[in-house]
Amino acid sequence: MIRYQQLVIATGADPVRMTDFKAAGAELPGIHYLRNVADADAVLAAVEAAKAAGNKAVVVGGGYIGLEVAAGLSMHGLEVTMVFPDTHLMARILTPELAVFYEAYYSAKGIRLIKGLLAKEFRGDGKVSSVLLSGGSTLPADLVLVGAGARPASGLFAGQLQLDKAGGIIVDGSFKTSVDDVYAIGDVASFPLLAAGGALVRQEHVTHARSSAAHAARALMGTNPAPYDYQPYFYSREFNLSWQFFGQAEGAEQVVCWGTMDAAAAAASAAPGGPAPKFGAYWIKGGSVVGAFIEGAAAEESAALKAVTAAATAAPADVAVLRAQGVAWALSKL
């Protein structure tokens with residue numbers, strides 16, 4: 001037994017596994033997940049083994065992990081196929097118009113995209129060697145990486161702490177749980193997002209992991225900090241791409257894209273020595289800009305988009321201004 005005066009729960013989240021979907025063959029060796037350093041080391045070792053075999057990799061999932069891992073595997077020389085059930089990549093953040101660029105870019109890099117299908121079964125003799133899709137086709141696979149989401153690692157606390165429907169540990173604005181002197185931070189915490197009227201949310205991102213830890217530490221030290229006021233933020237880097245998202249996409253009534261993001265622009269950027277892309281979008285709710293996406297931002301542009309979304313700056317009456325000015329509109333508000 002370990003006694004404590006104050007306890008901080010930082011158990012994070014566990015990957016959703018294909019066994020959760022009862023997919024046949026989901027326990028075969030050669031099927032990988034990515035959540036920690038040991039997982040990453042195992043994937044790197046599997047890359048070398050795959051090169052010595054058929055050089056085929058299948059990535060299950062078209063979200064954050066899928067995008068980054070597919071790019072990494074391709075850069076390591078593997079022939080990569082992505083399979084995901086959504087109609088376009090990164091459906092939780094990207095609009096169809098934004099997704100056109102990334103899908104065309106990945107295709108230009110030699111990555112095959114199969115949309116609207118599920119990985120139904122994994123086959124192999126002692127090790128995965130193929131993936132059967134819900135449409136009936138089969139993909140050869142010397143390596144499989146699954147990026148199908150994550151769930152809060154809160155099972156140890158069921159029946160002891162108040163959890164939300166998804167299993168997140170419910171906390172207040174200081175990350176205090178339903179039990180005195182017990183706190184929860186990072187991916188496992190379901191906290192009130194002030195920008196969303198106090199709605200409980202979880203944020204699976206390193207920025208929130210760090211800032212929630214710092215905020216809880218101040219509360220532990222008795223400084224009585226103001227309620228946690230977090231601005232959702234995500235970023236990713238693949239190949240020579242670098243995108244960022246500030247604020248909220250949920251509930252937006254309108255999304256206004258700006259810049260050139262068609263397939264031709266993607267193909268040009270994907271070519272050796274190709275031009276760096278620059279485009280983005282604004283999410284508008286109740287007449288205010290509540291979210292912003294940008295590809296290829298300079299530091300001052302990132303700062304401007306962070307500021308206008310944090311302040312929920314009023315959008316221009318004619319949103320064509322946003323389309324015409326792009327990030328310059330945000331810079332003009334500093």
# chains A, B, ... in the order shown; residues from 1 in each chain; ligands from 1
call {"tool": "select_by_dssp", "arguments": {"residues": "region 51-287 of chain A", "states": "strand (DSSP E or B)", "output": "number ranges by chain"}}
result
A: 56-60, 79-84, 112-115, 119-123, 130-133, 138-140, 143-146, 150-152, 158, 161, 163, 169-170, 176, 182-184, 189-193, 199-201, 233-238, 241-247, 254-259, 279-285
call {"tool": "residues_around", "arguments": {"residues": "region 298-306 of chain A", "least_positions_apart": "5", "cutoff": "7 Å", "atoms": "only C-alpha atoms", "output": "ChimeraX atom specification"}}
result
/A:246,292,327,330-331,334
call {"tool": "closest_atom_pairs", "arguments": {"of": "region 101-174 of chain A", "to": "region 184-204 of chain A", "cutoff": "12 Å", "atoms": "only C-alpha atoms", "output": "tab-separated table"}}
result
residue	atom	partner	partner_atom	distance
A:Gly149	CA	A:Glu204	CA	10.0
A:Ala150	CA	A:Glu204	CA	8.6
A:Arg151	CA	A:Val188	CA	8.2
A:Pro152	CA	A:Val188	CA	4.7
A:Ala153	CA	A:Val188	CA	6.2
A:Ser154	CA	A:Val188	CA	6.8
A:Gly155	CA	A:Val188	CA	10.5
A:Leu156	CA	A:Val188	CA	11.8
A:Phe157	CA	A:Ala184	CA	11.0
A:Leu161	CA	A:Ala184	CA	10.2
A:Gln162	CA	A:Ser190	CA	10.1
A:Leu163	CA	A:Ser190	CA	8.1
A:Asp164	CA	A:Ser190	CA	7.3
A:Lys165	CA	A:Ser190	CA	10.2
A:Ala166	CA	A:Ser190	CA	9.4
A:Gly167	CA	A:Val188	CA	8.1
A:Gly168	CA	A:Ser190	CA	5.1
A:Ile169	CA	A:Ala189	CA	4.9
A:Ile170	CA	A:Ser190	CA	4.7
A:Val171	CA	A:Phe191	CA	5.2
A:Asp172	CA	A:Phe191	CA	6.0
A:Gly173	CA	A:Pro192	CA	6.4
A:Ser174	CA	A:Phe191	CA	8.9
call {"tool": "closest_residue", "arguments": {"among": "A:Tyr106, A:Phe101, A:Tyr64, A:Tyr228", "to": "Gly280 (chain A)", "atoms": "only C-alpha atoms"}}
result
A:Phe101
call {"tool": "closest_atom_pairs", "arguments": {"of": "region 71-136 of chain A", "to": "region 17-20 of chain A", "cutoff": "10 Å", "atoms": "only C-alpha atoms", "output": "Markdown table"}}
result
| residue | atom | partner | partner_atom | distance |
| --- | --- | --- | --- | --- |
| A:Ala119 | CA | A:Met18 | CA | 8.7 |
| A:Lys120 | CA | A:Met18 | CA | 9.1 |
| A:Glu121 | CA | A:Met18 | CA | 9.2 |
| A:Phe122 | CA | A:Met18 | CA | 9.5 |
call {"tool": "residues_around", "arguments": {"residues": "Ala268 (chain A)", "least_positions_apart": "6", "cutoff": "10 Å", "atoms": "only C-alpha atoms", "output": "list in words"}}
result
Tyr105, Ala108, Gly274, Pro275, Ala276 and Pro277 of chain A
call {"tool": "write_last_selection", "arguments": {"atoms": "N, CA, C and O atoms", "output": "PDB file, in the first residue's frame"}}
result
ATOM      1  N   TYR A 105      -1.328  15.291 -52.311  1.00  0.00           N
ATOM      2  CA  TYR A 105       0.086  15.313 -51.936  1.00  0.00           C
ATOM      3  C   TYR A 105       0.567  13.904 -51.596  1.00  0.00           C
ATOM      4  O   TYR A 105       1.627  13.453 -52.074  1.00  0.00           O
ATOM      5  N   ALA A 108       0.890  11.819 -54.632  1.00  0.00           N
ATOM      6  CA  ALA A 108       2.080  12.179 -55.396  1.00  0.00           C
ATOM      7  C   ALA A 108       3.342  11.596 -54.783  1.00  0.00           C
ATOM      8  O   ALA A 108       4.339  11.356 -55.489  1.00  0.00           O
ATOM      9  N   GLY A 274       9.941  21.392 -54.792  1.00  0.00           N
ATOM     10  CA  GLY A 274       8.687  22.067 -55.082  1.00  0.00           C
ATOM     11  C   GLY A 274       8.417  23.218 -54.136  1.00  0.00           C
ATOM     12  O   GLY A 274       9.023  23.325 -53.063  1.00  0.00           O
ATOM     13  N   PRO A 275       7.497  24.104 -54.498  1.00  0.00           N
ATOM     14  CA  PRO A 275       7.202  25.280 -53.674  1.00  0.00           C
ATOM     15  C   PRO A 275       6.522  24.898 -52.364  1.00  0.00           C
ATOM     16  O   PRO A 275       5.766  23.923 -52.304  1.00  0.00           O
ATOM     17  N   ALA A 276       6.814  25.663 -51.327  1.00  0.00           N
ATOM     18  CA  ALA A 276       6.168  25.440 -50.035  1.00  0.00           C
ATOM     19  C   ALA A 276       4.727  25.935 -50.118  1.00  0.00           C
ATOM     20  O   ALA A 276       4.486  27.068 -50.532  1.00  0.00           O
ATOM     21  N   PRO A 277       3.773  25.107 -49.727  1.00  0.00           N
ATOM     22  CA  PRO A 277       2.377  25.536 -49.813  1.00  0.00           C
ATOM     23  C   PRO A 277       2.010  26.522 -48.709  1.00  0.00           C
ATOM     24  O   PRO A 277       2.615  26.541 -47.647  1.00  0.00           O
TER      25      PRO A 277
END
call {"tool": "residues_around", "arguments": {"residues": "Arg112 (chain A)", "least_positions_apart": "3", "cutoff": "10 Å", "atoms": "only C-alpha atoms", "output": "short mmCIF file (atom, residue, chain, number, x, y, z; two decimals) with N, CA and C atoms, in the first residue's frame"}}
result
data_model
loop_
_atom_site.label_atom_id
_atom_site.label_comp_id
_atom_site.auth_asym_id
_atom_site.auth_seq_id
_atom_site.Cartn_x
_atom_site.Cartn_y
_atom_site.Cartn_z
N VAL A 58 0.65 -1.43 -44.58
CA VAL A 58 -0.73 -0.98 -44.56
C VAL A 58 -0.96 -0.18 -43.29
N ALA A 70 2.15 7.09 -41.93
CA ALA A 70 2.22 6.78 -43.36
C ALA A 70 3.35 7.56 -44.01
N GLU A 79 6.36 0.75 -49.46
CA GLU A 79 5.18 1.03 -50.28
C GLU A 79 3.98 1.03 -49.34
N VAL A 80 3.34 2.17 -49.19
CA VAL A 80 2.33 2.36 -48.15
C VAL A 80 0.93 2.49 -48.74
N THR A 81 -0.02 1.79 -48.10
CA THR A 81 -1.44 1.95 -48.41
C THR A 81 -2.16 2.36 -47.14
N MET A 82 -2.96 3.42 -47.22
CA MET A 82 -3.79 3.85 -46.09
C MET A 82 -5.23 3.41 -46.34
N VAL A 83 -5.85 2.85 -45.30
CA VAL A 83 -7.24 2.41 -45.37
C VAL A 83 -8.00 3.07 -44.24
N GLU A 103 -4.61 14.76 -49.70
CA GLU A 103 -4.77 13.49 -50.39
C GLU A 103 -3.97 13.46 -51.69
N TYR A 106 -0.19 13.20 -50.77
CA TYR A 106 0.20 11.85 -50.39
C TYR A 106 0.23 10.92 -51.60
N SER A 107 -0.73 11.08 -52.48
CA SER A 107 -0.74 10.27 -53.71
C SER A 107 0.49 10.55 -54.55
N ALA A 108 0.89 11.82 -54.63
CA ALA A 108 2.08 12.18 -55.40
C ALA A 108 3.34 11.60 -54.78
N LYS A 109 3.31 11.35 -53.49
CA LYS A 109 4.45 10.73 -52.80
C LYS A 109 4.41 9.20 -52.90
N LYS A 115 -10.40 4.94 -49.37
CA LYS A 115 -11.36 5.60 -48.48
C LYS A 115 -12.67 4.82 -48.42
#
call {"tool": "residues_around", "arguments": {"residues": "Val47 (chain A)", "least_positions_apart": "2", "cutoff": "8 Å", "atoms": "only C-alpha atoms", "output": "JSON list (two decimals) with N, CA and C atoms, in the first residue's frame"}}
result
[["chain", "number", "residue", "atom", "x", "y", "z"],
["A", 43, "VAL", "N", 8.19, -0.52, -34.18],
["A", 43, "VAL", "CA", 7.84, -0.17, -35.56],
["A", 43, "VAL", "C", 9.10, -0.02, -36.41],
["A", 44, "LEU", "N", 10.11, 0.65, -35.87],
["A", 44, "LEU", "CA", 11.35, 0.83, -36.61],
["A", 44, "LEU", "C", 12.01, -0.51, -36.94],
["A", 45, "ALA", "N", 11.99, -1.42, -35.98],
["A", 45, "ALA", "CA", 12.54, -2.76, -36.24],
["A", 45, "ALA", "C", 11.72, -3.47, -37.31],
["A", 49, "ALA", "N", 12.49, -5.31, -41.21],
["A", 49, "ALA", "CA", 12.02, -6.66, -41.56],
["A", 49, "ALA", "C", 11.11, -6.61, -42.79],
["A", 50, "ALA", "N", 10.28, -5.58, -42.87],
["A", 50, "ALA", "CA", 9.38, -5.46, -44.02],
["A", 50, "ALA", "C", 10.16, -5.22, -45.31],
["A", 51, "LYS", "N", 11.22, -4.44, -45.22],
["A", 51, "LYS", "CA", 12.05, -4.19, -46.41],
["A", 51, "LYS", "C", 12.65, -5.49, -46.93],
["A", 73, "LEU", "N", 6.73, 5.97, -42.83],
["A", 73, "LEU", "CA", 7.01, 4.69, -43.47],
["A", 73, "LEU", "C", 7.40, 4.89, -44.93],
["A", 76, "HIS", "N", 10.85, 5.98, -45.22],
["A", 76, "HIS", "CA", 11.78, 4.87, -44.97],
["A", 76, "HIS", "C", 11.83, 3.89, -46.14],
["A", 78, "LEU", "N", 9.16, 2.25, -47.72],
["A", 78, "LEU", "CA", 8.13, 1.23, -47.88],
["A", 78, "LEU", "C", 7.02, 1.71, -48.82],
["A", 143, "LEU", "N", 3.86, -5.26, -42.92],
["A", 143, "LEU", "CA", 3.78, -4.49, -41.69],
["A", 143, "LEU", "C", 2.42, -3.79, -41.68]]
call {"tool": "atom_distance", "arguments": {"atom1": "CA of Val256 (chain A)", "atom2": "CA of His205 (chain A)"}}
result
25.1 Å
call {"tool": "select_by_dssp", "arguments": {"residues": "region 20-72 of chain A", "states": "helix (DSSP H, G or I)", "output": "JSON, numbers by chain"}}
result
{"A": [20, 21, 37, 38, 39, 40, 41, 42, 43, 44, 45, 46, 47, 48, 49, 50, 51, 52, 64, 65, 66, 67, 68, 69, 70, 71, 72]}
call {"tool": "closest_residue", "arguments": {"among": "A:Val321, A:Ala252, A:Ala71, A:Val128", "to": "Asn240 (chain A)", "atoms": "only C-alpha atoms"}}
result
A:Ala71
call {"tool": "residues_around", "arguments": {"residues": "Gln244 (chain A)", "least_positions_apart": "6", "cutoff": "8 Å", "atoms": "only C-alpha atoms", "output": "number ranges by chain"}}
result
A: 233-236, 293-295, 297, 302
call {"tool": "write_last_selection", "arguments": {"atoms": "C-alpha atoms", "output": "PDB file, in the first residue's frame"}}
result
ATOM      1  CA  TYR A 233      -4.303  23.513 -30.489  1.00  0.00           C
ATOM      2  CA  PHE A 234      -3.023  20.811 -32.793  1.00  0.00           C
ATOM      3  CA  TYR A 235      -0.082  20.633 -35.143  1.00  0.00           C
ATOM      4  CA  SER A 236       1.573  18.067 -37.336  1.00  0.00           C
ATOM      5  CA  PHE A 293      -6.163  26.220 -39.825  1.00  0.00           C
ATOM      6  CA  ILE A 294      -2.962  27.063 -41.653  1.00  0.00           C
ATOM      7  CA  GLU A 295      -0.405  25.177 -43.704  1.00  0.00           C
ATOM      8  CA  ALA A 297       2.746  29.359 -41.227  1.00  0.00           C
ATOM      9  CA  SER A 302       0.707  31.485 -36.035  1.00  0.00           C
TER      10      SER A 302
END
call {"tool": "atom_distance", "arguments": {"atom1": "CA of Ala264 (chain A)", "atom2": "CA of Ile111 (chain A)"}}
result
16.5 Å
